[in-house]
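Colleague: Contents of entry.cif (mmCIF, C-alpha atoms and all ligand atoms) are below:
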data_protein
loop_
_atom_site.label_atom_id
_atom_site.label_comp_id
_atom_site.auth_asym_id
_atom_site.auth_seq_id
_atom_site.Cartn_x
_atom_site.Cartn_y
_atom_site.Cartn_z
CA ILE A 15 4.91 -7.06 -13.78
CA GLY A 16 2.38 -9.86 -13.64
CA SER A 17 3.33 -11.65 -16.85
CA ARG A 18 3.80 -14.58 -14.52
CA ILE A 19 1.25 -15.12 -11.76
CA VAL A 20 1.38 -17.91 -9.19
CA TYR A 21 -2.02 -18.64 -7.80
CA PHE A 22 -3.00 -20.22 -4.49
CA ASP A 23 -6.38 -21.20 -3.17
CA THR A 24 -5.30 -20.92 0.45
CA ILE A 25 -2.00 -19.67 1.79
CA GLY A 26 -0.60 -18.31 5.05
CA SER A 27 0.61 -15.04 3.61
CA THR A 28 1.45 -14.18 0.00
CA ASN A 29 4.31 -12.04 1.32
CA ASP A 30 5.88 -15.04 3.05
CA LYS A 31 5.50 -17.08 -0.13
CA GLY A 32 6.96 -14.17 -2.13
CA LYS A 33 10.01 -14.03 0.13
CA GLU A 34 10.49 -17.77 -0.14
CA LEU A 35 10.25 -17.73 -3.95
CA ALA A 36 12.45 -14.63 -4.24
CA ALA A 37 15.11 -16.23 -2.04
CA ASN A 38 15.06 -19.16 -4.45
CA GLY A 39 15.64 -16.96 -7.46
CA ALA A 40 12.15 -16.03 -8.65
CA PRO A 41 12.30 -13.28 -11.28
CA GLU A 42 11.31 -9.66 -10.96
CA GLY A 43 7.67 -9.11 -11.76
CA LEU A 44 6.44 -12.44 -10.45
CA VAL A 45 3.07 -12.01 -8.75
CA ILE A 46 1.64 -14.26 -6.04
CA VAL A 47 -2.13 -14.18 -5.61
CA ALA A 48 -4.29 -16.08 -3.12
CA GLU A 49 -8.02 -16.53 -2.73
CA GLU A 50 -7.60 -16.58 1.02
CA GLN A 51 -4.84 -15.96 3.55
CA THR A 52 -4.90 -17.68 6.90
CA THR A 53 -2.17 -15.53 8.47
CA GLY A 54 -2.35 -12.32 6.42
CA ARG A 55 -0.10 -9.67 7.88
CA GLY A 56 -0.44 -5.90 8.06
CA ARG A 57 2.10 -3.26 8.95
CA LEU A 58 3.41 -2.90 12.50
CA GLY A 59 2.73 -6.52 13.38
CA ARG A 60 -1.00 -6.32 12.79
CA THR A 61 -3.07 -9.05 11.21
CA TRP A 62 -4.79 -8.49 7.86
CA SER A 63 -8.20 -10.05 7.44
CA SER A 64 -8.22 -11.87 4.08
CA PRO A 65 -11.51 -13.76 3.68
CA LYS A 66 -11.86 -16.23 0.85
CA GLY A 67 -12.73 -14.77 -2.52
CA ARG A 68 -13.53 -11.34 -1.15
CA GLY A 69 -10.46 -9.34 -1.95
CA ILE A 70 -7.15 -9.17 -3.68
CA TRP A 71 -4.40 -10.62 -1.56
CA MET A 72 -1.25 -10.45 -3.56
CA SER A 73 2.50 -9.85 -3.53
CA VAL A 74 4.86 -8.67 -6.23
CA ILE A 75 8.55 -9.53 -6.38
CA LEU A 76 10.79 -6.66 -7.47
CA ARG A 77 14.54 -6.50 -7.87
CA PRO A 78 15.29 -2.81 -8.33
CA GLU A 79 18.87 -1.68 -8.56
CA ILE A 80 18.54 1.01 -5.93
CA ASN A 81 19.90 1.81 -2.51
CA PRO A 82 17.90 0.06 0.25
CA MET A 83 17.26 3.51 1.71
CA ASP A 84 15.17 4.28 -1.36
CA ALA A 85 12.90 1.28 -0.90
CA PRO A 86 10.07 3.31 0.75
CA LYS A 87 9.62 4.97 -2.62
CA LEU A 88 8.29 1.68 -3.97
CA THR A 89 5.62 1.66 -1.30
CA LEU A 90 4.46 5.18 -2.13
CA LEU A 91 4.47 4.27 -5.79
CA THR A 92 2.25 1.27 -5.04
CA ALA A 93 -0.17 3.47 -3.13
CA VAL A 94 -0.42 5.74 -6.19
CA ALA A 95 -1.08 2.71 -8.43
CA LEU A 96 -3.88 1.69 -6.06
CA ALA A 97 -5.33 5.20 -5.97
CA ARG A 98 -5.36 5.39 -9.78
CA THR A 99 -7.12 2.03 -9.93
CA PHE A 100 -9.83 3.05 -7.44
CA ASP A 101 -10.17 6.36 -9.27
CA SER A 102 -11.34 4.47 -12.36
CA TYR A 103 -14.45 3.26 -10.48
CA PRO A 104 -17.55 5.43 -10.76
CA GLY A 105 -18.18 7.57 -7.71
CA ILE A 106 -15.08 6.37 -5.86
CA GLN A 107 -12.67 9.02 -4.63
CA PRO A 108 -9.56 7.46 -3.15
CA GLY A 109 -7.27 9.22 -0.71
CA ILE A 110 -3.83 8.15 0.46
CA LYS A 111 -2.99 8.34 4.13
CA TRP A 112 0.75 8.48 4.71
CA PRO A 113 2.60 6.38 3.97
CA ASN A 114 0.50 3.94 1.99
CA ASP A 115 -3.02 3.33 3.22
CA VAL A 116 -5.80 3.90 0.74
CA PHE A 117 -8.94 5.43 2.18
CA ILE A 118 -12.42 6.02 0.84
CA LYS A 119 -14.55 8.49 2.80
CA GLY A 120 -12.36 8.16 5.87
CA LYS A 121 -12.25 4.37 5.91
CA LYS A 122 -9.43 2.10 4.91
CA ILE A 123 -9.97 0.02 1.78
CA ALA A 124 -6.44 -1.13 0.90
CA GLY A 125 -2.98 -1.41 2.41
CA VAL A 126 0.58 -2.11 1.35
CA LEU A 127 3.21 -4.12 3.23
CA THR A 128 6.69 -3.88 1.70
CA GLU A 129 9.40 -6.23 2.91
CA MET A 130 12.91 -6.48 1.58
CA ASN A 131 16.09 -8.46 1.70
CA ALA A 132 19.10 -6.22 1.29
CA GLU A 133 22.79 -5.93 1.93
CA LEU A 134 24.47 -2.69 2.88
CA GLU A 135 24.06 -0.91 -0.43
CA ARG A 136 22.25 -3.41 -2.56
CA ILE A 137 18.75 -4.79 -2.64
CA ASN A 138 18.44 -8.49 -3.20
CA TYR A 139 14.68 -8.47 -3.51
CA VAL A 140 11.63 -6.53 -2.45
CA VAL A 141 8.24 -8.10 -1.85
CA VAL A 142 5.41 -5.61 -2.17
CA GLY A 143 2.27 -7.02 -0.54
CA ILE A 144 -1.05 -5.50 -1.47
CA GLY A 145 -4.40 -6.12 0.17
CA VAL A 146 -7.59 -4.72 -1.35
CA ASN A 147 -11.06 -5.17 0.12
CA VAL A 148 -13.14 -5.67 -3.01
CA ASN A 149 -16.30 -7.63 -2.25
CA THR A 150 -16.17 -7.91 1.53
CA SER A 151 -19.53 -7.16 3.12
CA ARG A 152 -19.87 -5.19 6.31
CA ALA A 153 -20.80 -8.34 8.23
CA GLU A 154 -17.62 -10.02 7.07
CA LEU A 155 -15.34 -7.35 8.52
CA PRO A 156 -13.81 -8.32 11.85
CA PRO A 157 -15.59 -6.35 14.64
CA GLU A 158 -12.43 -4.44 15.55
CA ILE A 159 -12.25 -2.84 12.10
CA GLU A 160 -15.97 -2.71 11.32
CA ASN A 161 -16.07 1.07 11.74
CA ILE A 162 -12.71 1.95 10.24
CA ALA A 163 -12.56 -0.30 7.17
CA THR A 164 -14.55 -0.50 3.98
CA SER A 165 -14.67 -2.27 0.60
CA LEU A 166 -15.72 -1.48 -2.95
CA TYR A 167 -18.85 -3.53 -2.31
CA ILE A 168 -19.71 -1.58 0.85
CA GLU A 169 -19.13 1.74 -0.92
CA THR A 170 -21.06 0.97 -4.13
CA GLY A 171 -23.56 -1.71 -3.11
CA LYS A 172 -22.31 -3.89 -5.96
CA SER A 173 -19.86 -6.73 -6.43
CA TRP A 174 -16.91 -6.10 -8.71
CA SER A 175 -14.62 -8.35 -10.72
CA ARG A 176 -11.41 -8.93 -8.78
CA LYS A 177 -9.73 -9.91 -12.03
CA ASP A 178 -10.53 -6.54 -13.63
CA PHE A 179 -9.22 -4.71 -10.57
CA LEU A 180 -6.05 -6.79 -10.55
CA THR A 181 -5.47 -6.22 -14.28
CA LYS A 182 -5.83 -2.46 -13.97
CA LEU A 183 -3.67 -2.38 -10.82
CA LEU A 184 -0.86 -4.34 -12.48
CA GLU A 185 -0.97 -2.01 -15.49
CA GLU A 186 -0.66 1.06 -13.28
CA LEU A 187 2.04 -0.54 -11.17
CA GLU A 188 4.05 -1.45 -14.24
CA ALA A 189 3.77 2.06 -15.71
CA LEU A 190 4.79 3.71 -12.44
CA TYR A 191 7.63 1.28 -11.82
CA LEU A 192 9.04 1.89 -15.30
CA SER A 193 9.00 5.64 -14.85
CA PHE A 194 10.58 5.19 -11.40
CA LYS A 195 13.37 3.15 -12.99
CA MET A 196 13.89 5.89 -15.55
CA GLY A 197 14.39 8.37 -12.73
CA GLU A 198 11.02 10.06 -13.02
CA TYR A 199 10.15 9.79 -9.37
CA ALA A 200 9.26 13.44 -8.82
CA ALA A 201 6.05 13.01 -10.80
CA VAL A 202 5.08 10.09 -8.56
CA VAL A 203 5.56 12.26 -5.47
CA GLU A 204 3.40 14.97 -7.04
CA GLU A 205 0.67 12.47 -7.77
CA TRP A 206 0.91 11.07 -4.25
CA LYS A 207 0.38 14.61 -2.95
CA LYS A 208 -2.64 15.03 -5.20
CA TYR A 209 -4.26 11.99 -3.58
CA SER A 210 -3.02 12.73 -0.08
CA VAL A 211 -5.49 13.07 2.78
CA THR A 212 -2.58 13.66 5.17
CA LEU A 213 -1.05 16.93 4.05
CA ASN A 214 -2.21 20.05 5.87
CA LYS A 215 -3.79 17.98 8.63
CA LYS A 216 -2.98 18.01 12.30
CA ILE A 217 -1.42 14.67 13.07
CA LYS A 218 0.23 12.62 15.75
CA VAL A 219 3.13 10.36 14.89
CA THR A 220 3.07 7.12 16.84
CA SER A 221 6.13 5.29 15.54
CA PRO A 222 8.08 3.26 18.05
CA GLY A 223 10.29 5.64 19.97
CA VAL A 224 8.83 8.76 18.39
CA ALA A 225 6.31 11.07 19.95
CA LEU A 226 5.50 13.97 17.73
CA GLU A 227 2.53 16.19 17.14
CA GLY A 228 2.10 18.82 14.51
CA THR A 229 0.88 19.62 11.04
CA ALA A 230 1.87 17.46 8.07
CA VAL A 231 3.16 20.07 5.66
CA ASP A 232 4.91 18.18 2.91
CA LEU A 233 6.25 14.95 1.50
CA ASP A 234 9.89 15.16 0.49
CA ASP A 235 11.47 13.51 -2.53
CA ASP A 236 12.38 10.44 -0.51
CA GLY A 237 8.82 9.92 0.62
CA ALA A 238 9.43 11.18 4.15
CA LEU A 239 6.68 13.19 5.81
CA ILE A 240 7.58 16.71 6.88
CA VAL A 241 5.84 17.74 10.08
CA ARG A 242 5.76 21.24 11.53
CA THR A 243 5.61 21.03 15.30
CA ARG A 244 4.07 23.65 17.59
CA ASP A 245 7.36 25.45 18.12
CA GLY A 246 7.57 25.89 14.37
CA SER A 247 10.42 23.51 13.68
CA LEU A 248 10.27 21.00 10.85
CA LYS A 249 10.71 17.30 11.55
CA ARG A 250 11.23 14.57 9.02
CA VAL A 251 9.41 11.28 9.62
CA VAL A 252 10.57 8.33 7.57
CA ALA A 253 8.55 5.46 8.95
CA GLY A 254 5.76 4.64 11.30
CA GLU A 255 2.16 5.46 11.75
CA ILE A 256 0.16 8.62 12.06
CA THR A 257 -3.21 9.38 13.54
CA PHE A 258 -5.21 12.47 12.83
CA ALA A 259 -5.36 14.66 15.91
CA SER A 260 -8.77 15.99 16.84
CA ARG A 261 -8.88 19.76 16.63
C1 LIG A 301 -1.35 -2.63 6.08
O1 LIG A 301 -2.11 -1.73 5.71
O2 LIG A 301 -1.08 -2.79 7.28
C2 LIG A 301 -0.74 -3.53 5.04
C3 LIG A 301 -1.67 -4.63 4.62
C4 LIG A 301 -1.06 -5.56 3.60
C5 LIG A 301 -1.90 -6.78 3.33
C6 LIG A 301 -1.38 -7.60 2.19
S1 LIG A 301 -2.48 -8.86 1.68
C7 LIG A 301 -1.26 -9.59 0.68
C8 LIG A 301 0.06 -9.47 1.43
N1 LIG A 301 0.27 -10.62 2.28
C9 LIG A 301 0.22 -10.30 3.57
O3 LIG A 301 0.35 -11.10 4.52
N2 LIG A 301 0.03 -8.97 3.71
C10 LIG A 301 -0.06 -8.31 2.42
#
Using structure tokens, write down the structure from this file.
Modeller:
Amino acid sequence: IGSRIVYFDTIGSTNDKGKELAANGAPEGLVIVAEEQTTGRGRLGRTWSSPKGRGIWMSVILRPEINPMDAPKLTLLTAVALARTFDSYPGIQPGIKWPNDVFIKGKKIAGVLTEMNAELERINYVVVGIGVNVNTSRAELPPEIENIATSLYIETGKSWSRKDFLTKLLEELEALYLSFKMGEYAAVVEEWKKYSVTLNKKIKVTSPGVALEGTAVDLDDDGALIVRTRDGSLKRVVAGEITFASR
């Protein structure tokens, strides 16, 4: 992963470019990086602020031979790669909020947007988009996320090399992806749990068409969140968004 990197100064969205290149036969492991995105996208139709030179805005093309239903595993795996990378910075303690947001001290610092092209039982390609706020200052955060987002710069008071971060992230991603391909996914789930800030918390699920409140008790082998509701029953949540309920 990352032995070939395509670099853009300005782009709409690296995920859109990744999909375009993948549809035209780009190989697994190709990475698209941009200095700036003008229409960066987040999950659930949100926008992703991607100011010039301040973060890592990138997408990775993967072509795993797995069932499309197993694709969420790649997203969890990416969150673990991000957490490991942040963990290597002094004084930084990353947490993963289900399914794949990386948080530092309760504020979001990185996110993952996975998009795929698949047939019934076969994946054609997966584009894993990763956004990391590296050197964004507080003043550069859009007002609507000013209080809920952070960056390495905001947390440490220093600027960091985006190249070093990217190198470490690609190394971790590669290692995790290889073990995933060799069927060693259980260890990834365990590591995800180690970093999790979601388990054992009271949460609200706000996926489209789902209204659920309870305690997040576990992550199953497929990456689904297991929620115990007030009546004691266990519900499995495969996609969507959670908020932490106030006690
Ligand atoms: C989220 O947390 O909602 C996911 C954010 C993903 C942002 C990255 S930045 C690179 C790639 N290109 C995009 O348009 N989005 C992803």
Colleague: So which residues are near ligand LIG 301 (chain A), meaning at most 8 Å away with all atoms listed in the file counted, given back as a JSON list (two decimals) with C-alpha atoms, in the frame of the given file?
Modeller:
[["chain", "number", "residue", "atom", "x", "y", "z"],
["A", 26, "GLY", "CA", -0.60, -18.31, 5.05],
["A", 27, "SER", "CA", 0.61, -15.04, 3.61],
["A", 28, "THR", "CA", 1.45, -14.18, 0.00],
["A", 29, "ASN", "CA", 4.31, -12.04, 1.32],
["A", 30, "ASP", "CA", 5.88, -15.04, 3.05],
["A", 47, "VAL", "CA", -2.13, -14.18, -5.61],
["A", 51, "GLN", "CA", -4.84, -15.96, 3.55],
["A", 53, "THR", "CA", -2.17, -15.53, 8.47],
["A", 54, "GLY", "CA", -2.35, -12.32, 6.42],
["A", 55, "ARG", "CA", -0.10, -9.67, 7.88],
["A", 56, "GLY", "CA", -0.44, -5.90, 8.06],
["A", 57, "ARG", "CA", 2.10, -3.26, 8.95],
["A", 58, "LEU", "CA", 3.41, -2.90, 12.50],
["A", 60, "ARG", "CA", -1.00, -6.32, 12.79],
["A", 61, "THR", "CA", -3.07, -9.05, 11.21],
["A", 62, "TRP", "CA", -4.79, -8.49, 7.86],
["A", 64, "SER", "CA", -8.22, -11.87, 4.08],
["A", 70, "ILE", "CA", -7.15, -9.17, -3.68],
["A", 71, "TRP", "CA", -4.40, -10.62, -1.56],
["A", 72, "MET", "CA", -1.25, -10.45, -3.56],
["A", 73, "SER", "CA", 2.50, -9.85, -3.53],
["A", 114, "ASN", "CA", 0.50, 3.94, 1.99],
["A", 115, "ASP", "CA", -3.02, 3.33, 3.22],
["A", 124, "ALA", "CA", -6.44, -1.13, 0.90],
["A", 125, "GLY", "CA", -2.98, -1.41, 2.41],
["A", 126, "VAL", "CA", 0.58, -2.11, 1.35],
["A", 127, "LEU", "CA", 3.21, -4.12, 3.23],
["A", 142, "VAL", "CA", 5.41, -5.61, -2.17],
["A", 143, "GLY", "CA", 2.27, -7.02, -0.54],
["A", 144, "ILE", "CA", -1.05, -5.50, -1.47],
["A", 145, "GLY", "CA", -4.40, -6.12, 0.17],
["A", 146, "VAL", "CA", -7.59, -4.72, -1.35]]
Colleague: Between atom CA of Gly223 of chain A and atom CA of Ala238 of chain A, what is the distance, to one decimal in Å?
Modeller: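 These atoms are spaced 16.8 Å apart.
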Colleague: When you look at segment 185-194 of chain A with a cut-off of 8 Å (counting all atoms listed in the file), what residues show up, excluding the ones that are within fewer than 2 positions of it in the same chain? I need them as a PyMOL selection string.
Modeller: chain A and resi 15+88+91-92+95-96+98-99+181-183+196-199+202
Colleague: Report the distance between atom CA of Gly171 of chain A and atom CA of Lys66 of chain A in Å, rounded to one decimal place.
Modeller: 19.1 Å
Colleague: For Leu134 of chain A, work out the shell of residues within 12 Å, counting only C-alpha atoms and skipping chain neighbours fewer than 3 positions away, then give it as a list of chain:residue names.
Modeller: A:Ile80, A:Asn81, A:Pro82, A:Met83, A:Asn131, A:Ile137, A:Asn138
Colleague: For Ile162 of chain A, please output as a ChimeraX atom specification all residues within 9 Å (counting only C-alpha atoms; exclusion window: fewer than 6 positions along the same chain).
Modeller: /A:120-122
Colleague: Which distance in Å separates atom CA of Gly43 of chain A and atom CA of Ser210 of chain A, to one decimal?
Modeller: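 So the two atoms, atom CA of Gly43 of chain A and atom CA of Ser210 of chain A, lie 27.0 Å apart.
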Colleague: Of the candidates A:Arg250, A:Arg244, A:Lys215, A:Lys33, which one gets nearest to Lys111 of chain A if we count all atoms listed in the file?
Modeller: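 So, comparing all the options, the nearest one is A:Lys215.
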Colleague: Considering only C-alpha atoms, can you say which of A:Ile240, A:Ala259, A:Ala37, A:Val148 comes closest to Arg176 of chain A?
Modeller: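 Answer, going by the shortest atom-to-atom distance: A:Val148.
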Colleague: For each of A:Ala48, A:Val20, A:Ile168, A:Val251, take the minimum atom-to-atom distance to Leu35 of chain A, counting all atoms listed in the file, then give the residue where this is smallest.
Modeller: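 Among the listed residues, A:Val20 lies closest to Leu35 of chain A.
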Colleague: Find the residue from A:Leu239, A:Ala97, A:Val45, A:Leu233 that sits nearest to Val203 of chain A; use only C-alpha atoms when measuring.
Modeller: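 Smallest separation from Val203 of chain A among the options: A:Leu233.
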Colleague: Find, counting only C-alpha atoms, the residue in A:Ile19, A:Ala230, A:Ile46, A:Ile123 that gets nearest to Leu155 of chain A.
Modeller: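 Distance minimum relative to Leu155 of chain A lands on A:Ile123.
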Colleague: Fewer than 2 positions away in the same chain doesn't count, so skip those; otherwise give me all residues within 7 Å of Tyr139 of chain A, counting only C-alpha atoms, as a ChimeraX atom specification.
Modeller: /A:36,75-77,130-132,137,141
Colleague: Save out the residues we just selected, C-alpha atoms, as a CSV table (one decimal), keeping the file's coordinate frame.
Modeller:
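Below is the file that was written, part34.csv:
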chain,number,residue,atom,x,y,z
A,36,ALA,CA,12.4,-14.6,-4.2
A,75,ILE,CA,8.6,-9.5,-6.4
A,76,LEU,CA,10.8,-6.7,-7.5
A,77,ARG,CA,14.5,-6.5,-7.9
A,130,MET,CA,12.9,-6.5,1.6
A,131,ASN,CA,16.1,-8.5,1.7
A,132,ALA,CA,19.1,-6.2,1.3
A,137,ILE,CA,18.8,-4.8,-2.6
A,141,VAL,CA,8.2,-8.1,-1.8
